[in-house]
file protein.tsv (TSV, C-alpha atoms)
chain	number	residue	atom	x	y	z
Z	1	MET	CA	45.56	102.18	129.27
Z	2	LYS	CA	41.83	102.21	128.85
Z	3	ALA	CA	39.39	99.45	128.15
Z	4	ARG	CA	35.69	99.36	127.58
Z	5	VAL	CA	33.48	96.55	128.74
Z	6	PHE	CA	30.16	96.12	126.95
Z	7	ILE	CA	27.61	94.17	128.93
Z	8	THR	CA	24.59	92.82	127.13
Z	9	LEU	CA	21.76	90.52	128.09
Z	10	LYS	CA	22.10	87.02	126.70
Z	11	SER	CA	19.83	86.30	123.80
Z	12	GLY	CA	16.59	84.81	125.00
Z	13	VAL	CA	16.70	86.75	128.27
Z	14	LEU	CA	13.66	89.00	128.46
Z	15	ASP	CA	14.63	92.68	128.49
Z	16	PRO	CA	11.77	94.77	129.91
Z	17	GLN	CA	13.80	97.97	129.62
Z	18	GLY	CA	14.56	97.32	125.97
Z	19	LYS	CA	10.88	96.62	125.39
Z	20	ALA	CA	9.88	99.90	127.05
Z	21	ILE	CA	12.43	101.84	124.98
Z	22	HIS	CA	11.12	100.14	121.85
Z	23	HIS	CA	7.58	101.09	122.78
Z	24	ALA	CA	8.61	104.72	123.45
Z	25	LEU	CA	10.41	104.93	120.10
Z	26	GLU	CA	7.27	103.72	118.37
Z	27	GLY	CA	5.32	106.31	120.32
Z	28	LEU	CA	7.60	108.99	118.86
Z	29	GLY	CA	6.76	107.78	115.39
Z	30	PHE	CA	9.90	105.73	114.66
Z	31	SER	CA	8.24	102.82	112.95
Z	32	GLY	CA	11.27	100.96	111.57
Z	33	VAL	CA	12.60	99.58	114.86
Z	34	ASN	CA	12.44	95.79	114.99
Z	35	ASP	CA	13.80	95.24	118.47
Z	36	VAL	CA	15.68	97.05	121.26
Z	37	ARG	CA	18.06	95.52	123.78
Z	38	ALA	CA	19.53	97.69	126.55
Z	39	GLY	CA	22.95	97.03	128.05
Z	40	LYS	CA	25.77	98.74	129.91
Z	41	LEU	CA	29.10	100.26	128.98
Z	42	ILE	CA	31.80	100.37	131.64
Z	43	GLU	CA	35.03	102.28	130.98
Z	44	LEU	CA	38.10	101.15	132.87
Z	45	ASP	CA	41.28	103.16	133.29
Z	46	LEU	CA	43.87	100.47	133.91
Z	47	ALA	CA	47.53	100.20	134.85
Z	48	ASP	CA	49.69	99.59	131.79
Z	49	GLY	CA	50.28	95.92	131.25
Z	50	THR	CA	46.92	94.76	132.63
Z	51	SER	CA	46.33	91.50	130.81
Z	52	ASP	CA	43.24	90.43	128.93
Z	53	SER	CA	42.75	87.61	131.37
Z	54	GLU	CA	42.73	90.04	134.30
Z	55	ILE	CA	40.03	92.12	132.63
Z	56	GLU	CA	38.05	88.97	131.88
Z	57	ASP	CA	38.39	88.01	135.50
Z	58	MET	CA	36.95	91.39	136.53
Z	59	CYS	CA	34.02	90.78	134.20
Z	60	ARG	CA	33.31	87.29	135.51
Z	61	LYS	CA	33.71	88.19	139.18
Z	62	LEU	CA	31.79	91.45	139.23
Z	63	LEU	CA	31.08	93.50	136.13
Z	64	ALA	CA	28.78	90.99	134.45
Z	65	ASN	CA	26.37	88.47	135.91
Z	66	THR	CA	27.12	85.59	133.56
Z	67	VAL	CA	23.83	83.91	134.45
Z	68	ILE	CA	22.04	86.49	132.32
Z	69	GLU	CA	24.68	88.69	130.72
Z	70	ASN	CA	27.44	88.45	128.14
Z	71	PHE	CA	30.43	90.78	128.06
Z	72	ARG	CA	32.80	91.99	125.40
Z	73	ILE	CA	36.08	93.77	126.11
Z	74	GLU	CA	37.46	96.44	123.84
Z	75	ARG	CA	40.90	97.89	124.51
Z	76	LEU	CA	41.39	101.54	123.61
Z	77	GLU	CA	44.79	102.66	122.44
Z	78	THR	CA	45.90	105.64	124.53
Z	79	ALA	CA	46.50	108.69	122.38
X	80	MET	CA	18.15	80.95	168.70
X	81	LYS	CA	21.21	83.09	168.19
X	82	SER	CA	20.62	85.01	165.01
X	83	ALA	CA	22.52	87.59	163.01
X	84	VAL	CA	21.15	90.19	160.61
X	85	ILE	CA	23.61	91.46	158.01
X	86	VAL	CA	23.57	95.20	157.43
X	87	PHE	CA	24.83	96.78	154.22
X	88	PRO	CA	24.89	100.46	153.40
X	89	GLY	CA	21.39	100.94	151.98
X	90	SER	CA	19.72	98.04	153.80
X	91	ASN	CA	16.34	99.24	155.03
X	92	CYS	CA	14.52	96.14	156.26
X	93	ASP	CA	17.27	95.14	158.68
X	94	ARG	CA	15.39	96.56	161.65
X	95	ASP	CA	12.06	95.04	160.55
X	96	LEU	CA	13.76	91.66	160.44
X	97	ALA	CA	15.44	92.25	163.80
X	98	VAL	CA	12.10	93.21	165.40
X	99	ALA	CA	10.40	90.11	163.97
X	100	LEU	CA	13.24	87.85	165.15
X	101	GLU	CA	13.23	89.35	168.61
X	102	LEU	CA	9.46	88.98	168.85
X	103	ILE	CA	9.48	85.34	167.82
X	104	THR	CA	12.76	84.06	169.24
X	105	ALA	CA	12.77	86.26	172.37
X	106	ARG	CA	16.36	87.17	171.62
X	107	LYS	CA	17.77	90.24	169.92
X	108	PRO	CA	19.75	89.33	166.83
X	109	ALA	CA	23.29	90.61	166.37
X	110	MET	CA	23.40	93.33	163.74
X	111	VAL	CA	26.49	92.58	161.66
X	112	TRP	CA	27.98	95.33	159.51
X	113	HIS	CA	29.07	94.31	156.01
X	114	LYS	CA	32.72	95.05	156.71
X	115	GLU	CA	32.96	92.38	159.38
X	116	THR	CA	34.87	89.28	158.38
X	117	GLU	CA	33.38	87.01	161.02
X	118	LEU	CA	29.94	86.34	162.45
X	119	PRO	CA	29.38	86.24	166.22
X	120	GLU	CA	30.50	82.94	167.75
X	121	GLY	CA	27.69	80.40	167.73
X	122	THR	CA	25.44	82.12	165.18
X	123	GLU	CA	22.57	79.72	164.46
X	124	PHE	CA	20.64	81.70	161.88
X	125	ILE	CA	21.54	84.45	159.41
X	126	GLY	CA	19.17	86.94	157.82
X	127	VAL	CA	20.14	88.97	154.77
X	128	PRO	CA	17.57	91.75	154.76
X	129	GLY	CA	15.78	93.79	152.15
X	130	GLY	CA	16.67	97.26	151.02
X	131	PHE	CA	18.77	98.86	148.36
X	132	SER	CA	22.29	97.86	149.27
X	133	TYR	CA	24.81	100.15	147.58
X	134	GLY	CA	21.93	101.93	145.87
X	135	ASP	CA	21.46	98.93	143.58
X	136	TYR	CA	24.60	100.06	141.74
X	137	LEU	CA	25.70	97.85	138.86
X	138	ARG	CA	22.97	95.26	139.57
X	139	SER	CA	20.76	94.78	142.62
X	140	GLY	CA	22.79	92.96	145.25
X	141	ALA	CA	25.96	92.86	143.14
X	142	MET	CA	28.16	94.98	145.36
X	143	ALA	CA	26.82	93.58	148.64
X	144	ALA	CA	27.48	90.03	147.43
X	145	ARG	CA	31.19	90.87	147.20
X	146	SER	CA	31.48	92.54	150.59
X	147	PRO	CA	33.73	90.98	153.26
X	148	VAL	CA	30.96	89.62	155.49
X	149	MET	CA	29.55	87.51	152.68
X	150	ARG	CA	32.54	85.17	152.83
X	151	ALA	CA	31.62	84.44	156.44
X	152	VAL	CA	27.96	83.99	155.46
X	153	LYS	CA	28.93	81.51	152.72
X	154	ASP	CA	31.18	79.57	155.09
X	155	ALA	CA	28.39	79.40	157.67
X	156	ALA	CA	25.89	78.25	155.02
X	157	ASP	CA	28.35	75.56	153.90
X	158	ARG	CA	28.44	74.34	157.51
X	159	GLY	CA	24.64	74.08	157.43
X	160	VAL	CA	23.66	77.28	159.24
X	161	PRO	CA	20.24	78.36	157.90
X	162	VAL	CA	20.33	81.58	155.88
X	163	ILE	CA	17.34	83.55	154.63
X	164	GLY	CA	17.63	86.28	152.01
X	165	ILE	CA	14.57	88.48	151.76
X	166	CYS	CA	14.02	90.78	148.78
X	167	ASN	CA	17.37	92.55	148.32
X	168	GLY	CA	18.76	89.71	150.44
X	169	PHE	CA	17.54	87.23	147.80
X	170	GLN	CA	19.27	89.32	145.14
X	171	VAL	CA	22.46	89.32	147.22
X	172	LEU	CA	22.36	85.52	147.62
X	173	THR	CA	21.94	84.93	143.87
X	174	GLU	CA	24.72	87.40	143.11
X	175	ALA	CA	26.93	85.63	145.65
X	176	GLY	CA	26.30	82.33	143.87
X	177	MET	CA	24.60	80.85	146.94
X	178	LEU	CA	21.35	80.40	145.00
X	179	PRO	CA	20.94	79.80	141.27
X	180	GLY	CA	19.40	82.22	138.77
X	181	ALA	CA	19.09	85.98	138.77
X	182	LEU	CA	16.54	88.64	139.67
X	183	MET	CA	15.85	91.05	136.88
X	184	ARG	CA	13.77	94.20	136.44
X	185	ASN	CA	10.03	93.52	136.91
X	186	ALA	CA	8.39	92.65	133.62
X	187	GLY	CA	6.00	95.60	133.90
X	188	LEU	CA	8.93	97.91	134.83
X	189	SER	CA	6.99	99.25	137.81
X	190	PHE	CA	8.01	99.05	141.43
X	191	ILE	CA	5.45	96.69	142.99
X	192	CYS	CA	4.42	97.27	146.60
X	193	ARG	CA	1.40	95.31	147.83
X	194	PRO	CA	0.40	92.10	149.59
X	195	VAL	CA	0.50	89.18	147.17
X	196	PRO	CA	-1.06	85.74	147.45
X	197	LEU	CA	1.48	82.92	147.50
X	198	ARG	CA	1.31	79.15	147.50
X	199	VAL	CA	3.60	77.16	149.77
X	200	GLU	CA	5.09	74.62	147.37
X	201	ASN	CA	7.38	72.78	149.74
X	202	SER	CA	6.30	72.32	153.33
X	203	GLN	CA	9.19	70.04	154.25
X	204	SER	CA	11.97	72.62	154.43
X	205	LEU	CA	13.61	74.16	157.48
X	206	PHE	CA	11.71	77.33	156.74
X	207	THR	CA	8.31	76.04	155.72
X	208	ALA	CA	7.68	73.07	158.01
X	209	GLN	CA	4.86	74.89	159.81
X	210	TYR	CA	2.91	75.50	156.63
X	211	ASP	CA	0.83	72.97	154.73
X	212	ALA	CA	1.84	72.02	151.22
X	213	GLY	CA	-0.31	73.94	148.79
X	214	GLU	CA	-1.43	76.37	151.50
X	215	ARG	CA	-2.36	79.83	150.29
X	216	ILE	CA	-0.76	82.64	152.28
X	217	SER	CA	-0.17	86.35	151.81
X	218	PHE	CA	3.12	88.24	152.21
X	219	PRO	CA	3.76	91.79	151.03
X	220	VAL	CA	6.21	92.47	148.22
X	221	ALA	CA	8.08	95.74	147.65
X	222	HIS	CA	10.55	95.48	144.82
X	223	HIS	CA	11.64	96.68	141.42
X	224	ASP	CA	13.88	93.76	140.53
X	225	GLY	CA	11.98	90.64	141.50
X	226	ASN	CA	11.67	88.97	138.15
X	227	TYR	CA	13.28	85.58	138.80
X	228	GLN	CA	15.01	84.07	135.79
X	229	ALA	CA	17.14	80.99	135.25
X	230	ASP	CA	17.73	78.67	132.31
X	231	GLU	CA	15.18	75.93	131.66
X	232	ALA	CA	17.46	73.18	132.96
X	233	THR	CA	17.93	75.03	136.26
X	234	LEU	CA	14.19	75.67	136.57
X	235	ASP	CA	13.43	72.00	135.91
X	236	ARG	CA	15.99	70.98	138.51
X	237	LEU	CA	14.52	73.39	141.10
X	238	GLU	CA	11.04	72.01	140.46
X	239	GLY	CA	12.17	68.39	140.40
X	240	GLU	CA	14.08	68.68	143.66
X	241	GLY	CA	11.28	70.46	145.48
X	242	ARG	CA	13.37	73.60	145.77
X	243	VAL	CA	10.62	76.01	144.78
X	244	ALA	CA	9.49	77.08	148.25
X	245	PHE	CA	6.89	79.70	147.33
X	246	ARG	CA	5.08	80.56	144.14
X	247	TYR	CA	3.04	83.65	143.22
X	248	LEU	CA	-0.62	82.79	142.73
X	249	ASP	CA	-1.15	85.78	140.46
X	250	GLN	CA	1.26	87.03	137.85
X	251	CYS	CA	3.39	89.45	139.87
X	252	ASN	CA	6.67	90.52	138.29
X	253	GLY	CA	7.28	88.25	135.31
X	254	SER	CA	9.19	85.58	137.25
X	255	ALA	CA	9.80	82.34	135.40
X	256	ARG	CA	7.14	79.83	136.47
X	257	ASP	CA	5.86	82.40	138.99
X	258	ILE	CA	8.68	81.53	141.36
X	259	ALA	CA	8.70	83.70	144.49
X	260	GLY	CA	11.23	81.82	146.62
X	261	ILE	CA	13.77	79.04	146.21
X	262	LEU	CA	16.00	76.81	148.33
X	263	ASN	CA	19.62	75.84	147.76
X	264	ASP	CA	20.50	72.21	147.13
X	265	SER	CA	21.10	71.43	150.80
X	266	GLY	CA	17.86	73.16	151.82
X	267	ASN	CA	19.42	75.50	154.39
X	268	VAL	CA	19.42	78.65	152.26
X	269	LEU	CA	16.13	80.28	151.28
X	270	GLY	CA	15.79	83.33	149.06
X	271	LEU	CA	12.42	84.99	148.50
X	272	MET	CA	11.20	88.33	147.22
X	273	PRO	CA	8.11	88.67	149.49
X	274	HIS	CA	8.61	89.88	153.06
X	275	PRO	CA	7.59	87.39	155.79
X	276	GLU	CA	9.02	89.72	158.47
X	277	ARG	CA	6.36	92.30	157.61
X	278	VAL	CA	3.46	90.01	158.55
X	279	VAL	CA	4.26	88.72	162.03
X	280	GLU	CA	1.75	90.52	164.24
X	281	PRO	CA	-1.93	91.43	163.83
X	282	ALA	CA	-1.12	95.15	163.62
X	283	HIS	CA	0.73	94.36	160.38
X	284	GLY	CA	-2.52	93.29	158.81
X	285	GLY	CA	-1.56	89.63	158.77
X	286	THR	CA	0.52	87.04	160.57
X	287	ASP	CA	1.30	84.58	157.78
X	288	GLY	CA	5.04	85.25	158.06
X	289	ARG	CA	5.20	84.25	161.69
X	290	ARG	CA	5.29	80.50	161.13
X	291	LEU	CA	8.38	80.78	158.95
X	292	PHE	CA	10.39	82.08	161.90
X	293	GLU	CA	8.61	79.84	164.43
X	294	GLY	CA	9.46	76.81	162.32
X	295	LEU	CA	13.10	77.82	162.19
X	296	LEU	CA	13.17	78.41	165.92
X	297	GLU	CA	11.76	74.94	166.52
X	298	THR	CA	14.28	73.26	164.24
X	299	VAL	CA	17.32	75.24	165.27
X	300	ALA	CA	16.83	75.68	168.99
call {"tool": "encode", "arguments": {"input": "protein.tsv", "output": "structure tokens"}}
result
Amino acid sequence: MKARVFITLKSGVLDPQGKAIHHALEGLGFSGVNDVRAGKLIELDLADGTSDSEIEDMCRKLLANTVIENFRIERLETA
Amino acid sequence: MKSAVIVFPGSNCDRDLAVALELITARKPAMVWHKETELPEGTEFIGVPGGFSYGDYLRSGAMAARSPVMRAVKDAADRGVPVIGICNGFQVLTEAGMLPGALMRNAGLSFICRPVPLRVENSQSLFTAQYDAGERISFPVAHHDGNYQADEATLDRLEGEGRVAFRYLDQCNGSARDIAGILNDSGNVLGLMPHPERVVEPAHGGTDGRRLFEGLLETVA
């Protein structure tokens, strides 16, 4: 079973990397970009039966720093 | 003073800190590998050094904060043993939940490596008793992720409780309220981005860091 964890900065937290990406996009001539926020995607290959609460626990204890980051879990159906 | 310096894979200021501690306390600190589950009997001071523990994987300090030795460090801090986290050590202590807030990428995105002027905000702490309140000192910084951030309520609490130990005098890395170093609520844990251990003898170009360790020695020993 696979799951994806998306980690994003909380709104209001300054994102220097996002700002730099935004600036670079503008430098390339992409003028329609209003804002850029950079985050992380972590893919987990998990034992079958791993519960949502276990994955949430992983996020809270390590994958995300909940002082500054939010996380969202997406389970992928195995083909 | 019986001190211990924690060593993670990727620490690179552990020896600088050990040399400074030996110079000032006349006793070699124990170098404690991150896989240890206990600190040497009778440890009176713990240093979490700078560097790039675990290559800054995931977030600076994130992996180190979860390593076995940190449980022993937390227990010791809870018993009142003074703990200092310098640079990556500060990041480790915030990630371990021993200090509030987080250290993010520098606002200008650049790695900053230079001496910076600081103001001693609290001269009553274990670590700062030998400085004068408001004194201007200079410690070097060398970091990429030193941008201290916390929510407004936490920042207000830190200020109100005198837990901002050092503040940057010039805009340095984007830190909220120019905070360079903070104390925990019991005052025995200090985290700071600048490096006091790099300014302890004249050959370093300054000796402003010396009094931090001398003050500790006086209080602890």
call {"tool": "closest_atom_pairs", "arguments": {"input": "protein.tsv", "of": "chain X", "to": "chain Z", "cutoff": "10 Å", "atoms": "only C-alpha atoms", "output": "tab-separated table"}}
result
residue	atom	partner	partner_atom	distance
X:Leu137	CA	Z:Leu63	CA	7.4
X:Arg138	CA	Z:Asn65	CA	8.4
X:Ala141	CA	Z:Leu62	CA	7.2
X:Met142	CA	Z:Leu62	CA	8.0
X:Ala144	CA	Z:Leu62	CA	9.4
X:Arg145	CA	Z:Leu62	CA	8.0
X:Thr173	CA	Z:Val67	CA	9.7
X:Glu174	CA	Z:Asn65	CA	7.5
X:Ala175	CA	Z:Lys61	CA	9.7
X:Gly176	CA	Z:Val67	CA	9.9
X:Pro179	CA	Z:Val67	CA	8.5
X:Gly180	CA	Z:Val67	CA	6.4
X:Ala181	CA	Z:Val67	CA	6.7
X:Leu182	CA	Z:Ile68	CA	9.4
X:Met183	CA	Z:Asp15	CA	8.6
X:Arg184	CA	Z:Pro16	CA	6.9
X:Asn185	CA	Z:Pro16	CA	7.3
X:Ala186	CA	Z:Pro16	CA	5.4
X:Gly187	CA	Z:Pro16	CA	7.1
X:Leu188	CA	Z:Pro16	CA	6.5
X:Asn226	CA	Z:Leu14	CA	9.9
X:Gln228	CA	Z:Val13	CA	8.2
X:Ala229	CA	Z:Val67	CA	7.3
X:Asp230	CA	Z:Val67	CA	8.3
X:Gly253	CA	Z:Leu14	CA	9.4
call {"tool": "closest_residue", "arguments": {"input": "protein.tsv", "among": "Z:Leu44, Z:Arg37, Z:Asn70, Z:Glu26", "to": "Arg4 of chain Z", "atoms": "only C-alpha atoms"}}
result
Z:Leu44
call {"tool": "residues_around", "arguments": {"input": "protein.tsv", "residues": "Pro196 of chain X", "least_positions_apart": "3", "cutoff": "9 Å", "atoms": "all atoms listed in the file", "output": "PyMOL selection string"}}
result
chain X and resi 215-219+246-249
call {"tool": "residues_around", "arguments": {"input": "protein.tsv", "residues": "Glu74 of chain Z", "least_positions_apart": "2", "cutoff": "12 Å", "atoms": "all atoms listed in the file", "output": "mmCIF file with C-alpha atoms, keeping the file's coordinate frame"}}
result
data_model
loop_
_atom_site.group_PDB
_atom_site.id
_atom_site.type_symbol
_atom_site.label_atom_id
_atom_site.label_comp_id
_atom_site.auth_asym_id
_atom_site.auth_seq_id
_atom_site.Cartn_x
_atom_site.Cartn_y
_atom_site.Cartn_z
ATOM 1 C CA MET Z 1 45.560 102.180 129.270
ATOM 2 C CA LYS Z 2 41.830 102.210 128.850
ATOM 3 C CA ALA Z 3 39.390 99.450 128.150
ATOM 4 C CA ARG Z 4 35.690 99.360 127.580
ATOM 5 C CA VAL Z 5 33.480 96.550 128.740
ATOM 6 C CA PHE Z 6 30.160 96.120 126.950
ATOM 7 C CA ILE Z 7 27.610 94.170 128.930
ATOM 8 C CA LEU Z 41 29.100 100.260 128.980
ATOM 9 C CA ILE Z 42 31.800 100.370 131.640
ATOM 10 C CA GLU Z 43 35.030 102.280 130.980
ATOM 11 C CA LEU Z 44 38.100 101.150 132.870
ATOM 12 C CA ASP Z 52 43.240 90.430 128.930
ATOM 13 C CA ILE Z 55 40.030 92.120 132.630
ATOM 14 C CA GLU Z 56 38.050 88.970 131.880
ATOM 15 C CA PHE Z 71 30.430 90.780 128.060
ATOM 16 C CA ARG Z 72 32.800 91.990 125.400
ATOM 17 C CA LEU Z 76 41.390 101.540 123.610
ATOM 18 C CA GLU Z 77 44.790 102.660 122.440
#
call {"tool": "residues_around", "arguments": {"input": "protein.tsv", "residues": "Pro88 of chain X", "least_positions_apart": "3", "cutoff": "8 Å", "atoms": "only C-alpha atoms", "output": "JSON, numbers by chain"}}
result
{"X": [113, 132, 133]}
call {"tool": "closest_residue", "arguments": {"input": "protein.tsv", "among": "X:Ala255, X:Ala151, X:Val171, X:Leu271", "to": "Ala221 of chain X", "atoms": "only C-alpha atoms"}}
result
X:Leu271
call {"tool": "atom_distance", "arguments": {"input": "protein.tsv", "atom1": "atom CA of Leu295 of chain X", "atom2": "atom CA of Leu234 of chain X"}}
result
25.7 Å
call {"tool": "atom_distance", "arguments": {"input": "protein.tsv", "atom1": "atom CA of Asp135 of chain X", "atom2": "atom CA of Ser51 of chain Z"}}
result
28.9 Å
call {"tool": "atom_distance", "arguments": {"input": "protein.tsv", "atom1": "atom CA of Lys81 of chain X", "atom2": "atom CA of Ala212 of chain X"}}
result
28.0 Å
call {"tool": "residues_around", "arguments": {"input": "protein.tsv", "residues": "segment 257-268 of chain X", "least_positions_apart": "2", "cutoff": "7 Å", "atoms": "only C-alpha atoms", "output": "VMD selection string"}}
result
chain X and resid 159 to 163 178 204 to 205 227 242 to 247 250 254 to 255 270 to 272
call {"tool": "closest_residue", "arguments": {"input": "protein.tsv", "among": "X:Asp224, X:Glu214, X:Glu276, X:Glu240", "to": "Ser139 of chain X", "atoms": "all atoms listed in the file"}}
result
X:Asp224
call {"tool": "closest_residue", "arguments": {"input": "protein.tsv", "among": "X:Ser90, X:Glu101, X:Val84, X:Gly129", "to": "Val279 of chain X", "atoms": "only C-alpha atoms"}}
result
X:Glu101
call {"tool": "residues_around", "arguments": {"input": "protein.tsv", "residues": "Thr116 of chain X", "least_positions_apart": "2", "cutoff": "10 Å", "atoms": "only C-alpha atoms", "output": "ChimeraX atom specification"}}
result
/X:111-114,118,146-152
call {"tool": "closest_residue", "arguments": {"input": "protein.tsv", "among": "X:Ala300, X:Ile85, X:Val127, X:Leu96", "to": "Val278 of chain X", "atoms": "all atoms listed in the file"}}
result
X:Leu96
call {"tool": "closest_residue", "arguments": {"input": "protein.tsv", "among": "X:Val195, X:Ala109, X:Ala232, X:Met80", "to": "Asp93 of chain X", "atoms": "all atoms listed in the file"}}
result
X:Ala109
call {"tool": "build_atoms", "arguments": {"input": "protein.tsv", "residues": "segment 110-135 of chain X", "atoms": "N, CA and C atoms", "output": "PDB file, in the frame of the given file"}}
result
ATOM      1  N   MET X 110      23.411  92.611 165.002  1.00  0.00           N
ATOM      2  CA  MET X 110      23.400  93.330 163.740  1.00  0.00           C
ATOM      3  C   MET X 110      24.845  93.370 163.246  1.00  0.00           C
ATOM      4  N   VAL X 111      25.103  92.753 162.103  1.00  0.00           N
ATOM      5  CA  VAL X 111      26.490  92.580 161.660  1.00  0.00           C
ATOM      6  C   VAL X 111      26.757  93.441 160.425  1.00  0.00           C
ATOM      7  N   TRP X 112      27.640  94.375 160.575  1.00  0.00           N
ATOM      8  CA  TRP X 112      27.980  95.330 159.510  1.00  0.00           C
ATOM      9  C   TRP X 112      28.748  94.606 158.397  1.00  0.00           C
ATOM     10  N   HIS X 113      28.527  95.025 157.181  1.00  0.00           N
ATOM     11  CA  HIS X 113      29.070  94.310 156.010  1.00  0.00           C
ATOM     12  C   HIS X 113      30.584  94.240 155.964  1.00  0.00           C
ATOM     13  N   LYS X 114      31.257  95.080 156.746  1.00  0.00           N
ATOM     14  CA  LYS X 114      32.720  95.050 156.710  1.00  0.00           C
ATOM     15  C   LYS X 114      33.316  93.999 157.645  1.00  0.00           C
ATOM     16  N   GLU X 115      32.465  93.420 158.471  1.00  0.00           N
ATOM     17  CA  GLU X 115      32.960  92.380 159.380  1.00  0.00           C
ATOM     18  C   GLU X 115      33.422  91.169 158.567  1.00  0.00           C
ATOM     19  N   THR X 116      34.411  90.465 159.092  1.00  0.00           N
ATOM     20  CA  THR X 116      34.870  89.280 158.380  1.00  0.00           C
ATOM     21  C   THR X 116      34.440  87.997 159.111  1.00  0.00           C
ATOM     22  N   GLU X 117      33.851  88.189 160.290  1.00  0.00           N
ATOM     23  CA  GLU X 117      33.380  87.010 161.020  1.00  0.00           C
ATOM     24  C   GLU X 117      31.993  87.290 161.603  1.00  0.00           C
ATOM     25  N   LEU X 118      31.243  86.219 161.791  1.00  0.00           N
ATOM     26  CA  LEU X 118      29.940  86.340 162.450  1.00  0.00           C
ATOM     27  C   LEU X 118      30.147  86.054 163.930  1.00  0.00           C
ATOM     28  N   PRO X 119      29.241  86.534 164.787  1.00  0.00           N
ATOM     29  CA  PRO X 119      29.380  86.240 166.220  1.00  0.00           C
ATOM     30  C   PRO X 119      29.460  84.720 166.441  1.00  0.00           C
ATOM     31  N   GLU X 120      30.322  84.348 167.378  1.00  0.00           N
ATOM     32  CA  GLU X 120      30.500  82.940 167.750  1.00  0.00           C
ATOM     33  C   GLU X 120      29.129  82.285 168.019  1.00  0.00           C
ATOM     34  N   GLY X 121      28.919  81.144 167.438  1.00  0.00           N
ATOM     35  CA  GLY X 121      27.690  80.400 167.730  1.00  0.00           C
ATOM     36  C   GLY X 121      26.442  80.871 167.009  1.00  0.00           C
ATOM     37  N   THR X 122      26.609  81.658 165.949  1.00  0.00           N
ATOM     38  CA  THR X 122      25.440  82.120 165.180  1.00  0.00           C
ATOM     39  C   THR X 122      24.690  80.926 164.607  1.00  0.00           C
ATOM     40  N   GLU X 123      23.371  80.885 164.883  1.00  0.00           N
ATOM     41  CA  GLU X 123      22.570  79.720 164.460  1.00  0.00           C
ATOM     42  C   GLU X 123      21.649  80.029 163.288  1.00  0.00           C
ATOM     43  N   PHE X 124      21.529  81.303 162.981  1.00  0.00           N
ATOM     44  CA  PHE X 124      20.640  81.700 161.880  1.00  0.00           C
ATOM     45  C   PHE X 124      21.102  83.058 161.350  1.00  0.00           C
ATOM     46  N   ILE X 125      21.105  83.189 160.020  1.00  0.00           N
ATOM     47  CA  ILE X 125      21.540  84.450 159.410  1.00  0.00           C
ATOM     48  C   ILE X 125      20.444  84.999 158.520  1.00  0.00           C
ATOM     49  N   GLY X 126      20.138  86.279 158.685  1.00  0.00           N
ATOM     50  CA  GLY X 126      19.170  86.940 157.820  1.00  0.00           C
ATOM     51  C   GLY X 126      19.864  87.995 156.977  1.00  0.00           C
ATOM     52  N   VAL X 127      19.635  87.925 155.671  1.00  0.00           N
ATOM     53  CA  VAL X 127      20.140  88.970 154.770  1.00  0.00           C
ATOM     54  C   VAL X 127      18.909  89.779 154.364  1.00  0.00           C
ATOM     55  N   PRO X 128      18.833  91.021 154.836  1.00  0.00           N
ATOM     56  CA  PRO X 128      17.570  91.750 154.760  1.00  0.00           C
ATOM     57  C   PRO X 128      17.330  92.454 153.431  1.00  0.00           C
ATOM     58  N   GLY X 129      16.138  93.014 153.326  1.00  0.00           N
ATOM     59  CA  GLY X 129      15.780  93.790 152.150  1.00  0.00           C
ATOM     60  C   GLY X 129      16.346  95.197 152.209  1.00  0.00           C
ATOM     61  N   GLY X 130      16.177  95.893 151.107  1.00  0.00           N
ATOM     62  CA  GLY X 130      16.670  97.260 151.020  1.00  0.00           C
ATOM     63  C   GLY X 130      17.252  97.534 149.648  1.00  0.00           C
ATOM     64  N   PHE X 131      18.135  98.478 149.625  1.00  0.00           N
ATOM     65  CA  PHE X 131      18.770  98.860 148.360  1.00  0.00           C
ATOM     66  C   PHE X 131      20.263  98.967 148.608  1.00  0.00           C
ATOM     67  N   SER X 132      20.877  97.825 148.922  1.00  0.00           N
ATOM     68  CA  SER X 132      22.290  97.860 149.270  1.00  0.00           C
ATOM     69  C   SER X 132      23.079  98.521 148.148  1.00  0.00           C
ATOM     70  N   TYR X 133      23.964  99.404 148.527  1.00  0.00           N
ATOM     71  CA  TYR X 133      24.810 100.150 147.580  1.00  0.00           C
ATOM     72  C   TYR X 133      23.980 100.816 146.478  1.00  0.00           C
ATOM     73  N   GLY X 134      22.764 101.231 146.847  1.00  0.00           N
ATOM     74  CA  GLY X 134      21.930 101.930 145.870  1.00  0.00           C
ATOM     75  C   GLY X 134      21.629 101.135 144.625  1.00  0.00           C
ATOM     76  N   ASP X 135      21.685  99.798 144.755  1.00  0.00           N
ATOM     77  CA  ASP X 135      21.460  98.930 143.580  1.00  0.00           C
ATOM     78  C   ASP X 135      22.450  99.211 142.452  1.00  0.00           C
TER      79      ASP X 135
END
